[in-house]
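Single-structure report; data block below.
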Amino acid sequence: MTLGVLALQGDFDAHRRRLEELGAKVVLVKKPEQLDQIDGLVIPGGESSTFLKLLGKEGFAKLKDFARTRPTFGTCAGAILLAAQVENPHQPGLGALDITVRRNAYGRQIDSSIREGRFRNDPIEMVFIRAPKIERLGDGVEVIATEGSDPVLVRQGSTMAATFHPELSDDRRVHQLFLELVGEGNREAGTGRGVGPQTGGELGRKRRSRRP
Ligand code: GLN
């Protein structure tokens, strides 16, 4: 099973290490054609508005095709990207998960914290960094983990999103669950490969250096 980690920005390397610990082959995805070579994708944390800028229109469209048809797991900024609606401020989402998220929902005072939540019914450490909150869950969205009364890990079909950073804790259960979804997703899809359009070029737009 080959997993991709979107490597345009953010903490993609911690995801790579965790997936490799769990026995997956991992490629760092920087170009659109790499999406055709993977069985599932992790979109890491970072800054979702920066991801949008780096993706550009074309990268966004390709990622949208992928996320709507193939197993995809977004953490924090990645969860924001996967959402159908994004607030505070409003920005486009890939719409792979029928949820509304509110960015930076914990305010500046407690923008980062380590808390104990519940994964199914068991305790689990959760690292939150300028985290969003899931404010609306559409029909068919399953809550897998909670922190207090907030849903913080959800799934719809083979799309999964966490508002915390499981790659920063030692616990492997969340990534393990995603690998199980990827296994199921590929059995259902039959081929194990996406069929997105082939293109060359970078997935992220090249940033032009500014001249003084
Ligand atoms: N605050 C970031 C955003 O709105 C997400 C933070 C994170 O990924 N740790 O995109």
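Every chain in the structure tokens has a letter given in the order shown (A, B, ...), and although residue numbers restart at 1 in each chain, ligands are simply numbered from 1 in the order shown.
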
Enumerate, in order of chain and increasing residue number, the residues of range 49-105 of chain A with an atom no farther than 12 Å from range 130-139 of chain A, each with its shortest atom pair and distance in Å to one decimal, counting only C-alpha atoms, as JSON lines.
{"residue": "A:Thr75", "atom": "CA", "partner": "A:Ala131", "partner_atom": "CA", "distance": 9.5}
{"residue": "A:Cys76", "atom": "CA", "partner": "A:Ala131", "partner_atom": "CA", "distance": 6.1}
{"residue": "A:Ala77", "atom": "CA", "partner": "A:Ala131", "partner_atom": "CA", "distance": 8.0}
{"residue": "A:Gly78", "atom": "CA", "partner": "A:Pro132", "partner_atom": "CA", "distance": 10.5}
{"residue": "A:Ala79", "atom": "CA", "partner": "A:Pro132", "partner_atom": "CA", "distance": 8.5}
{"residue": "A:Ile80", "atom": "CA", "partner": "A:Pro132", "partner_atom": "CA", "distance": 7.4}
{"residue": "A:Leu81", "atom": "CA", "partner": "A:Pro132", "partner_atom": "CA", "distance": 11.1}
{"residue": "A:Leu82", "atom": "CA", "partner": "A:Ile134", "partner_atom": "CA", "distance": 11.7}
{"residue": "A:Ala83", "atom": "CA", "partner": "A:Ile134", "partner_atom": "CA", "distance": 9.2}
{"residue": "A:Ala84", "atom": "CA", "partner": "A:Gly138", "partner_atom": "CA", "distance": 9.5}
{"residue": "A:Gln85", "atom": "CA", "partner": "A:Arg136", "partner_atom": "CA", "distance": 9.1}
{"residue": "A:Val86", "atom": "CA", "partner": "A:Ile134", "partner_atom": "CA", "distance": 9.5}
{"residue": "A:Glu87", "atom": "CA", "partner": "A:Pro132", "partner_atom": "CA", "distance": 9.5}
{"residue": "A:Asn88", "atom": "CA", "partner": "A:Pro132", "partner_atom": "CA", "distance": 9.5}
{"residue": "A:Pro89", "atom": "CA", "partner": "A:Pro132", "partner_atom": "CA", "distance": 11.5}
{"residue": "A:Gly95", "atom": "CA", "partner": "A:Gly138", "partner_atom": "CA", "distance": 11.4}
{"residue": "A:Ala96", "atom": "CA", "partner": "A:Gly138", "partner_atom": "CA", "distance": 11.4}
{"residue": "A:Leu97", "atom": "CA", "partner": "A:Gly138", "partner_atom": "CA", "distance": 8.2}
{"residue": "A:Asp98", "atom": "CA", "partner": "A:Gly138", "partner_atom": "CA", "distance": 5.0}
{"residue": "A:Ile99", "atom": "CA", "partner": "A:Leu137", "partner_atom": "CA", "distance": 4.8}
{"residue": "A:Thr100", "atom": "CA", "partner": "A:Arg136", "partner_atom": "CA", "distance": 4.9}
{"residue": "A:Val101", "atom": "CA", "partner": "A:Ile134", "partner_atom": "CA", "distance": 4.5}
{"residue": "A:Arg102", "atom": "CA", "partner": "A:Pro132", "partner_atom": "CA", "distance": 5.2}
{"residue": "A:Arg103", "atom": "CA", "partner": "A:Pro132", "partner_atom": "CA", "distance": 4.2}
{"residue": "A:Asn104", "atom": "CA", "partner": "A:Pro132", "partner_atom": "CA", "distance": 4.9}
{"residue": "A:Ala105", "atom": "CA", "partner": "A:Pro132", "partner_atom": "CA", "distance": 5.0}

- Item | Nearby residues (only C-alpha atoms) at most 10 Å from Pro123 in chain A, same-chain spacing under 3 positions excluded, as a ChimeraX atom specification | /A:116-120,126,145-147

**Request:** Please give the complete set of residues from range 113-196 of chain A that DSSP, run on the backbone, assigns to strand (DSSP E), formatted as a ChimeraX atom specification.
**Result:** /A:113-119,122-129,133-137,142-147,150-156,159-162

Save out the residues we just selected, N, CA and C atoms, as a CSV table (one decimal), in the first residue's frame.
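Saved the output as result.csv:
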chain,number,residue,atom,x,y,z
A,113,SER,N,-2.5,23.5,22.9
A,113,SER,CA,-2.7,22.7,24.2
A,113,SER,C,-2.7,21.2,23.9
A,114,ILE,N,-2.3,20.5,25.0
A,114,ILE,CA,-2.4,19.0,24.9
A,114,ILE,C,-3.5,18.6,25.9
A,115,ARG,N,-4.5,17.9,25.4
A,115,ARG,CA,-5.6,17.5,26.2
A,115,ARG,C,-5.9,16.1,26.1
A,116,GLU,N,-6.7,15.6,27.0
A,116,GLU,CA,-7.1,14.2,26.8
A,116,GLU,C,-8.5,14.1,26.3
A,117,GLY,N,-8.7,13.4,25.2
A,117,GLY,CA,-10.0,13.2,24.6
A,117,GLY,C,-10.4,11.7,24.6
A,118,ARG,N,-11.4,11.4,23.9
A,118,ARG,CA,-11.9,10.0,23.8
A,118,ARG,C,-11.8,9.6,22.4
A,119,PHE,N,-11.2,8.5,22.1
A,119,PHE,CA,-11.1,7.8,20.8
A,119,PHE,C,-12.0,6.6,20.9
A,122,ASP,N,-12.1,5.2,24.5
A,122,ASP,CA,-10.9,5.1,25.2
A,122,ASP,C,-10.2,6.4,25.3
A,123,PRO,N,-9.5,6.7,26.4
A,123,PRO,CA,-8.7,8.0,26.4
A,123,PRO,C,-7.6,8.1,25.4
A,124,ILE,N,-7.3,9.3,24.9
A,124,ILE,CA,-6.3,9.4,24.0
A,124,ILE,C,-5.7,10.9,24.1
A,125,GLU,N,-4.4,11.0,24.0
A,125,GLU,CA,-3.8,12.4,24.0
A,125,GLU,C,-4.1,13.1,22.7
A,126,MET,N,-4.4,14.4,22.8
A,126,MET,CA,-4.6,15.2,21.6
A,126,MET,C,-3.9,16.5,21.7
A,127,VAL,N,-3.1,16.8,20.6
A,127,VAL,CA,-2.3,18.0,20.6
A,127,VAL,C,-3.1,19.0,19.7
A,128,PHE,N,-3.5,20.1,20.2
A,128,PHE,CA,-4.2,21.1,19.4
A,128,PHE,C,-3.3,22.3,19.2
A,129,ILE,N,-3.2,22.7,17.9
A,129,ILE,CA,-2.4,23.9,17.6
A,129,ILE,C,-3.2,24.8,16.7
A,133,LYS,N,-12.7,24.3,15.0
A,133,LYS,CA,-13.8,23.4,15.6
A,133,LYS,C,-14.7,23.0,14.5
A,134,ILE,N,-15.3,21.8,14.7
A,134,ILE,CA,-16.3,21.3,13.7
A,134,ILE,C,-17.6,21.8,14.3
A,135,GLU,N,-18.2,22.7,13.5
A,135,GLU,CA,-19.5,23.3,14.1
A,135,GLU,C,-20.7,22.7,13.6
A,136,ARG,N,-20.6,22.0,12.4
A,136,ARG,CA,-21.8,21.3,11.9
A,136,ARG,C,-21.4,20.0,11.3
A,137,LEU,N,-22.2,18.9,11.6
A,137,LEU,CA,-21.9,17.6,11.0
A,137,LEU,C,-23.0,17.3,10.1
A,142,GLU,N,-19.6,10.4,10.7
A,142,GLU,CA,-19.5,9.6,11.9
A,142,GLU,C,-18.5,10.3,12.8
A,143,VAL,N,-18.8,10.5,14.1
A,143,VAL,CA,-17.8,11.0,15.1
A,143,VAL,C,-17.0,9.9,15.7
A,144,ILE,N,-15.7,9.9,15.5
A,144,ILE,CA,-14.9,8.8,16.0
A,144,ILE,C,-14.2,9.2,17.3
A,145,ALA,N,-13.9,10.5,17.5
A,145,ALA,CA,-13.3,11.0,18.7
A,145,ALA,C,-13.8,12.3,19.1
A,146,THR,N,-13.8,12.5,20.4
A,146,THR,CA,-14.4,13.8,21.0
A,146,THR,C,-13.4,14.3,22.0
A,147,GLU,N,-13.5,15.6,22.2
A,147,GLU,CA,-12.7,16.3,23.3
A,147,GLU,C,-13.8,17.2,24.0
A,150,ASP,N,-16.9,18.4,22.0
A,150,ASP,CA,-16.7,18.7,20.6
A,150,ASP,C,-16.2,17.4,19.8
A,151,PRO,N,-16.8,17.2,18.6
A,151,PRO,CA,-16.3,16.2,17.7
A,151,PRO,C,-14.9,16.7,17.2
A,152,VAL,N,-13.9,15.8,17.3
A,152,VAL,CA,-12.6,16.2,16.9
A,152,VAL,C,-11.9,15.3,15.9
A,153,LEU,N,-12.6,14.1,15.7
A,153,LEU,CA,-12.1,13.2,14.6
A,153,LEU,C,-13.4,12.6,14.0
A,154,VAL,N,-13.5,12.9,12.7
A,154,VAL,CA,-14.8,12.4,12.0
A,154,VAL,C,-14.4,11.7,10.7
A,155,ARG,N,-15.5,11.0,10.3
A,155,ARG,CA,-15.2,10.2,9.0
A,155,ARG,C,-16.5,10.2,8.2
A,156,GLN,N,-16.4,10.3,6.9
A,156,GLN,CA,-17.5,10.2,6.0
A,156,GLN,C,-17.0,9.3,4.9
A,159,THR,N,-13.2,9.4,3.8
A,159,THR,CA,-12.6,10.7,4.1
A,159,THR,C,-12.6,10.8,5.6
A,160,MET,N,-11.4,11.2,6.2
A,160,MET,CA,-11.3,11.4,7.6
A,160,MET,C,-10.7,12.7,8.0
A,161,ALA,N,-11.1,13.3,9.1
A,161,ALA,CA,-10.5,14.6,9.4
A,161,ALA,C,-10.4,14.7,10.9
A,162,ALA,N,-9.2,15.2,11.4
A,162,ALA,CA,-9.0,15.4,12.8
A,162,ALA,C,-8.6,16.9,13.0

The residue from A:Ser158, A:Gln176, A:Thr69, A:Ser49 with the smallest atom-to-atom distance to ligand 1, counting only C-alpha atoms and all ligand atoms, is A:Ser49

- Task: Could you check how far CA of Ala61 in chain A sits from CA of Ile43 in chain A, in Å to one decimal?
- Result: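 So the answer is 15.0 Å.
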
Quick one: of A:Pro92, A:Pro71, A:Gly40, A:Gly10, who's nearest to Ala24 in chain A, counting only C-alpha atoms?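 Smallest separation from Ala24 in chain A among the options: A:Gly40.
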
Q) Can you list, as an MDAnalysis selection string, every residue of range 9-104 of chain A that DSSP puts in alpha helix (DSSP H)? A) chainID A and resid 12:21 48:69 77:82

May I have the residues from that selection written out with C-alpha atoms, as an mmCIF file, in the first residue's frame?
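Here's the written file part35.cif:
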data_model
loop_
_atom_site.group_PDB
_atom_site.id
_atom_site.type_symbol
_atom_site.label_atom_id
_atom_site.label_comp_id
_atom_site.auth_asym_id
_atom_site.auth_seq_id
_atom_site.Cartn_x
_atom_site.Cartn_y
_atom_site.Cartn_z
ATOM 1 C CA PHE A 12 4.234 16.546 6.600
ATOM 2 C CA ASP A 13 7.346 14.733 7.797
ATOM 3 C CA ALA A 14 5.828 13.633 11.121
ATOM 4 C CA HIS A 15 3.016 11.969 9.138
ATOM 5 C CA ARG A 16 5.523 10.293 6.862
ATOM 6 C CA ARG A 17 7.388 8.832 9.843
ATOM 7 C CA ARG A 18 4.215 7.596 11.528
ATOM 8 C CA LEU A 19 2.893 5.923 8.360
ATOM 9 C CA GLU A 20 6.268 4.280 7.777
ATOM 10 C CA GLU A 21 6.319 3.007 11.384
ATOM 11 C CA SER A 48 -4.946 26.314 5.253
ATOM 12 C CA SER A 49 -5.000 29.705 3.505
ATOM 13 C CA THR A 50 -1.341 29.184 2.522
ATOM 14 C CA PHE A 51 -2.172 25.715 1.160
ATOM 15 C CA LEU A 52 -4.855 27.335 -1.008
ATOM 16 C CA LYS A 53 -2.370 29.881 -2.337
ATOM 17 C CA LEU A 54 0.269 27.229 -3.053
ATOM 18 C CA LEU A 55 -2.218 24.900 -4.752
ATOM 19 C CA GLY A 56 -3.639 27.525 -7.059
ATOM 20 C CA LYS A 57 -6.823 26.849 -9.017
ATOM 21 C CA GLU A 58 -5.502 23.851 -10.903
ATOM 22 C CA GLY A 59 -3.952 22.128 -7.892
ATOM 23 C CA PHE A 60 -7.148 22.721 -5.924
ATOM 24 C CA ALA A 61 -9.261 21.103 -8.666
ATOM 25 C CA LYS A 62 -6.982 18.051 -8.859
ATOM 26 C CA LEU A 63 -6.930 17.619 -5.114
ATOM 27 C CA LYS A 64 -10.714 17.951 -5.045
ATOM 28 C CA ASP A 65 -11.078 15.130 -7.576
ATOM 29 C CA PHE A 66 -8.741 12.967 -5.538
ATOM 30 C CA ALA A 67 -10.297 13.675 -2.131
ATOM 31 C CA ARG A 68 -13.814 13.009 -3.380
ATOM 32 C CA THR A 69 -12.965 9.598 -4.761
ATOM 33 C CA ALA A 77 -5.369 22.710 8.304
ATOM 34 C CA GLY A 78 -5.907 19.511 6.275
ATOM 35 C CA ALA A 79 -9.292 19.052 7.978
ATOM 36 C CA ILE A 80 -10.150 22.649 7.089
ATOM 37 C CA LEU A 81 -9.267 21.993 3.444
ATOM 38 C CA LEU A 82 -11.500 18.897 3.288
#

| field | Atom pair CA of Asp171 in chain A / CA of Asp36 in chain A: separation (Å) | value |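 Separation of CA of Asp171 in chain A and CA of Asp36 in chain A: 29.7 Å.
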
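CA of Asp39 in chain A sits 5.6 Å away from CA of Thr2 in chain A.
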
| task | Measuring atom to atom with only C-alpha atoms, identify which of A:Val29, A:Leu8, A:Met1, A:Val182 is nearest to Gly45 in chain A. | result |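 Nearest to Gly45 in chain A: A:Leu8.
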
Val141 in chain A proximity check over A:His165, A:Phe73, A:Gly157, A:Gly46, using only C-alpha atoms: winner is A:Gly157

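Counting only C-alpha atoms and all ligand atoms and comparing A:Gln34, A:Ser169, A:Asn121, A:Gln9, the residue that lies closest to ligand 1 is A:Gln9.
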